[in-house]
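What follows is a single structure, written as structure tokens, with notes after it.
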Amino acid sequence: MTIRYLLFDLDETLYPRGAGVMQEIGRRIRRYIVQEYGMTWEEADQMARRYHQEYGTSMRGLLLNHELDVSRYLTFVHDLPLDLLQPNRALDALLAGLPGEKAIFTNADRPHAERVLAQLGIRRHFSRIIDVVAVGYIPKPNPAAYTACLHLLGAHPAECVLIEDTGRNLAPAKQLGMTTVLVDGDPDDAADYKIPTILGLGSVAEAIFQANAGW
Ligand SMILES: [Mg+2]
């Protein structure tokens, strides 16, 4: 089947881990739990880790096990300066040269995605932003997130490539029949293609489109 969609994770896929954005989001998640549920920092840290492990994100665990104003939560945890992210001209040029429709598929919310993409100077390349709200607050790696994403796109899994920094978020995509690309991931994680940074996508894109052409 021909590849029609390139689905990009957002955080730590389109910019490097060293930017510190996810670390700050992690701190804000813990601060929210401390303030909202009257816990110590240590308790909040344990809870955030446990929910992230069990449910894909801390948000999902809070939503299922506590009272949570989810839109207030998402706004709070993503309310951080993004000045460490710079326009990435090489990535802008790379995206401009890739065929197929490009979409963001993120466990964050749309306002955060819009800000990150604007800061990187690559917003124009993405026709869609599918955030955790659009898929019913069910984050990757829950299989329902992927089927909801495919439904929104009107796409067959075999028409899609998922590009992600987190191996556990690629596994359900592979299971469904998507092509998977791991960016700066754990060497033990499985993926069809592995690249050290998002700029490596250029070197594997041709192989991906050729391997899936003509069906
Ligand atoms: Mg990520």
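Residue numbering restarts at 1 in every chain; chains get A, B, ... in the order shown in the structure tokens, and ligands count up from 1 in that same order.
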Next item on the list: List the neighbours of His78 of chain A out to 12 Å using only C-alpha atoms; skip same-chain residues closer than 2 positions along the sequence, and give me the result as a PyMOL selection string.
Entry: chain A and resi 11+21-29+32+71-76+80-82+107-116
Next item on the list: Give me the residues within 10 Å of Glu67 of chain A as a PyMOL selection string, counting only C-alpha atoms and dropping any in the same chain fewer than 3 places off.
Entry: chain A and resi 36-37+62-64+70
Check: Could you work out how far atom CA of Arg17 of chain A lies from atom CA of Glu164 of chain A, giving the answer in Å with one decimal?
Finding: 12.2 Å
Check: Nearest to Leu150 of chain A among A:Arg4, A:Arg50, A:Arg123, A:His66, with distances taken over only C-alpha atoms: which residue is it?
Finding: A:Arg4
Margin query: Quick check, in Å to one decimal: how far apart do atom CA of Glu12 of chain A and atom CA of Thr106 of chain A lie?
Written below: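 A separation of 10.9 Å between them.
Across the model, the gap from atom CA of Ala93 of chain A to atom CA of Ala173 of chain A is 26.7 Å.
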Next item on the list: Give the residue list for ligand 1 at 6 Å, counting only C-alpha atoms and all ligand atoms, as a PyMOL selection string, sorted by chain and then by residue number.
Entry: chain A and resi 9-13+165-166
Just asking: which residues within segment 11-207 of chain A are alpha helix (DSSP H) according to DSSP, as a PDB file with C-alpha atoms, in the first residue's frame?
```
ATOM      1  CA  VAL A  21      11.161  20.722  27.716  1.00  0.00           C
ATOM      2  CA  MET A  22       9.918  17.319  28.915  1.00  0.00           C
ATOM      3  CA  GLN A  23      11.857  17.652  32.158  1.00  0.00           C
ATOM      4  CA  GLU A  24      10.029  20.924  32.849  1.00  0.00           C
ATOM      5  CA  ILE A  25       6.665  19.400  31.907  1.00  0.00           C
ATOM      6  CA  GLY A  26       7.478  16.573  34.334  1.00  0.00           C
ATOM      7  CA  ARG A  27       8.153  19.082  37.118  1.00  0.00           C
ATOM      8  CA  ARG A  28       4.898  20.891  36.383  1.00  0.00           C
ATOM      9  CA  ILE A  29       2.961  17.585  36.481  1.00  0.00           C
ATOM     10  CA  ARG A  30       4.346  16.911  39.948  1.00  0.00           C
ATOM     11  CA  ARG A  31       3.616  20.471  41.091  1.00  0.00           C
ATOM     12  CA  TYR A  32       0.014  20.097  39.893  1.00  0.00           C
ATOM     13  CA  ILE A  33      -0.402  16.870  41.879  1.00  0.00           C
ATOM     14  CA  VAL A  34       1.109  18.480  45.002  1.00  0.00           C
ATOM     15  CA  GLN A  35      -1.201  21.507  44.779  1.00  0.00           C
ATOM     16  CA  GLU A  36      -4.352  19.711  43.715  1.00  0.00           C
ATOM     17  CA  TYR A  37      -4.246  16.593  45.884  1.00  0.00           C
ATOM     18  CA  TRP A  41       6.670  16.114  46.252  1.00  0.00           C
ATOM     19  CA  GLU A  42       7.907  12.527  46.802  1.00  0.00           C
ATOM     20  CA  GLU A  43       4.361  11.131  46.752  1.00  0.00           C
ATOM     21  CA  ALA A  44       3.550  13.157  43.647  1.00  0.00           C
ATOM     22  CA  ASP A  45       6.714  11.913  41.965  1.00  0.00           C
ATOM     23  CA  GLN A  46       5.871   8.281  42.733  1.00  0.00           C
ATOM     24  CA  MET A  47       2.315   8.722  41.508  1.00  0.00           C
ATOM     25  CA  ALA A  48       3.345  10.479  38.299  1.00  0.00           C
ATOM     26  CA  ARG A  49       5.854   7.718  37.505  1.00  0.00           C
ATOM     27  CA  ARG A  50       3.437   4.915  38.297  1.00  0.00           C
ATOM     28  CA  TYR A  51       0.635   6.398  36.189  1.00  0.00           C
ATOM     29  CA  HIS A  52       3.005   7.117  33.313  1.00  0.00           C
ATOM     30  CA  GLN A  53       4.121   3.497  33.367  1.00  0.00           C
ATOM     31  CA  GLU A  54       0.643   1.999  33.772  1.00  0.00           C
ATOM     32  CA  TYR A  55      -1.481   4.289  31.620  1.00  0.00           C
ATOM     33  CA  SER A  58       0.218  10.655  34.221  1.00  0.00           C
ATOM     34  CA  MET A  59      -2.850  12.493  32.870  1.00  0.00           C
ATOM     35  CA  ARG A  60      -4.622   9.247  32.042  1.00  0.00           C
ATOM     36  CA  GLY A  61      -3.979   7.816  35.507  1.00  0.00           C
ATOM     37  CA  LEU A  62      -5.234  10.982  37.187  1.00  0.00           C
ATOM     38  CA  LEU A  63      -8.299  11.034  34.953  1.00  0.00           C
ATOM     39  CA  LEU A  64      -9.237   7.439  35.785  1.00  0.00           C
ATOM     40  CA  ASN A  65      -8.404   7.466  39.504  1.00  0.00           C
ATOM     41  CA  VAL A  70      -8.364  17.752  32.439  1.00  0.00           C
ATOM     42  CA  SER A  71      -8.296  20.937  30.387  1.00  0.00           C
ATOM     43  CA  ARG A  72      -6.978  22.934  33.351  1.00  0.00           C
ATOM     44  CA  TYR A  73      -4.380  20.205  33.927  1.00  0.00           C
ATOM     45  CA  LEU A  74      -3.196  20.241  30.310  1.00  0.00           C
ATOM     46  CA  THR A  75      -2.937  24.041  30.325  1.00  0.00           C
ATOM     47  CA  PHE A  76      -1.011  24.027  33.620  1.00  0.00           C
ATOM     48  CA  VAL A  77       1.545  21.354  32.727  1.00  0.00           C
ATOM     49  CA  ARG A  89      16.142  25.423   9.110  1.00  0.00           C
ATOM     50  CA  ALA A  90      17.581  22.014   8.274  1.00  0.00           C
ATOM     51  CA  LEU A  91      14.404  20.329   9.545  1.00  0.00           C
ATOM     52  CA  ASP A  92      12.266  22.865   7.680  1.00  0.00           C
ATOM     53  CA  ALA A  93      14.071  21.985   4.425  1.00  0.00           C
ATOM     54  CA  LEU A  94      13.869  18.253   5.136  1.00  0.00           C
ATOM     55  CA  LEU A  95      10.106  18.375   5.730  1.00  0.00           C
ATOM     56  CA  ALA A  96       9.592  20.474   2.594  1.00  0.00           C
ATOM     57  CA  GLY A  97      11.240  17.744   0.526  1.00  0.00           C
ATOM     58  CA  ARG A 110      -2.884  21.282  20.645  1.00  0.00           C
ATOM     59  CA  PRO A 111      -1.806  24.653  22.138  1.00  0.00           C
ATOM     60  CA  HIS A 112       1.511  23.095  23.226  1.00  0.00           C
ATOM     61  CA  ALA A 113       1.980  21.537  19.793  1.00  0.00           C
ATOM     62  CA  GLU A 114       1.231  24.865  18.084  1.00  0.00           C
ATOM     63  CA  ARG A 115       3.793  26.656  20.264  1.00  0.00           C
ATOM     64  CA  VAL A 116       6.518  24.039  19.732  1.00  0.00           C
ATOM     65  CA  LEU A 117       5.985  23.974  15.960  1.00  0.00           C
ATOM     66  CA  ALA A 118       6.010  27.773  15.764  1.00  0.00           C
ATOM     67  CA  GLN A 119       9.180  27.942  17.845  1.00  0.00           C
ATOM     68  CA  LEU A 120      10.899  25.393  15.563  1.00  0.00           C
ATOM     69  CA  PRO A 143      -4.165   0.882  21.121  1.00  0.00           C
ATOM     70  CA  ALA A 144      -7.403   2.937  21.122  1.00  0.00           C
ATOM     71  CA  ALA A 145      -5.347   6.110  20.603  1.00  0.00           C
ATOM     72  CA  TYR A 146      -4.002   4.775  17.299  1.00  0.00           C
ATOM     73  CA  THR A 147      -7.342   3.563  15.992  1.00  0.00           C
ATOM     74  CA  ALA A 148      -8.901   6.951  16.877  1.00  0.00           C
ATOM     75  CA  CYS A 149      -6.064   8.724  15.066  1.00  0.00           C
ATOM     76  CA  LEU A 150      -6.507   6.532  11.973  1.00  0.00           C
ATOM     77  CA  HIS A 151     -10.241   7.164  12.058  1.00  0.00           C
ATOM     78  CA  LEU A 152      -9.709  10.940  12.168  1.00  0.00           C
ATOM     79  CA  LEU A 153      -7.333  10.709   9.207  1.00  0.00           C
ATOM     80  CA  GLY A 167       9.839   2.695  21.568  1.00  0.00           C
ATOM     81  CA  ARG A 168       6.823   1.662  23.597  1.00  0.00           C
ATOM     82  CA  ASN A 169       4.688   4.081  21.551  1.00  0.00           C
ATOM     83  CA  LEU A 170       5.825   2.427  18.315  1.00  0.00           C
ATOM     84  CA  ALA A 171       4.867  -1.123  19.294  1.00  0.00           C
ATOM     85  CA  PRO A 172       1.065  -0.722  18.894  1.00  0.00           C
ATOM     86  CA  ALA A 173       1.594   1.131  15.591  1.00  0.00           C
ATOM     87  CA  LYS A 174       3.665  -1.779  14.289  1.00  0.00           C
ATOM     88  CA  GLN A 175       1.044  -4.222  15.529  1.00  0.00           C
ATOM     89  CA  LEU A 176      -1.596  -2.411  13.472  1.00  0.00           C
ATOM     90  CA  LEU A 201      14.655  10.901   8.373  1.00  0.00           C
ATOM     91  CA  GLY A 202      15.882  12.082   4.971  1.00  0.00           C
ATOM     92  CA  SER A 203      18.151   9.071   4.622  1.00  0.00           C
ATOM     93  CA  VAL A 204      15.438   6.490   5.385  1.00  0.00           C
ATOM     94  CA  ALA A 205      12.474   8.213   3.707  1.00  0.00           C
ATOM     95  CA  GLU A 206      13.391   7.026   0.231  1.00  0.00           C
ATOM     96  CA  ALA A 207      13.641   3.420   1.415  1.00  0.00           C
TER      97      ALA A 207
END
```
Check: How would you write, as a PyMOL selection string, the set of residues in chain A that DSSP gives as strand (DSSP E)?
Finding: chain A and resi 5-8+101-105+126-130+160-164+179-183+193-195
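Proximity to Arg124 of chain A was assessed for A:Ile104, A:Ile138, A:Ala155, A:Met178 counting only C-alpha atoms; the smallest distance is recorded for A:Ile104.
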Check: Within 7 Å of Lys194 of chain A, counting only C-alpha atoms, which residues qualify if same-chain residues fewer than 6 places away don't, as a list in words?
Finding: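 Residues near the query, excluding close chain neighbours: Val181, Leu182 and Val183 of chain A.
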Item checked: Using only C-alpha atoms: which of A:Ala190, A:Ala158, A:Leu199, A:Val132 has the shortest distance to Ala211 of chain A ->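 Checking each candidate against Ala211 of chain A, we get A:Ala158 as the closest.
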Checklist line | Nearest residue to Gly20 of chain A from the set A:Thr57, A:Gly136, A:Ile208, A:Asp83 (distances using only C-alpha atoms) | finding: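 That would be A:Asp83, the residue with the smallest distance to Gly20 of chain A.
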Margin query: Could you list, as JSON, numbers by chain, every residue within 7 Å of Asn212 of chain A, counting only C-alpha atoms and ignoring same-chain residues fewer than 3 positions away?
Written below: {"A": [1, 2, 3, 208, 209]}
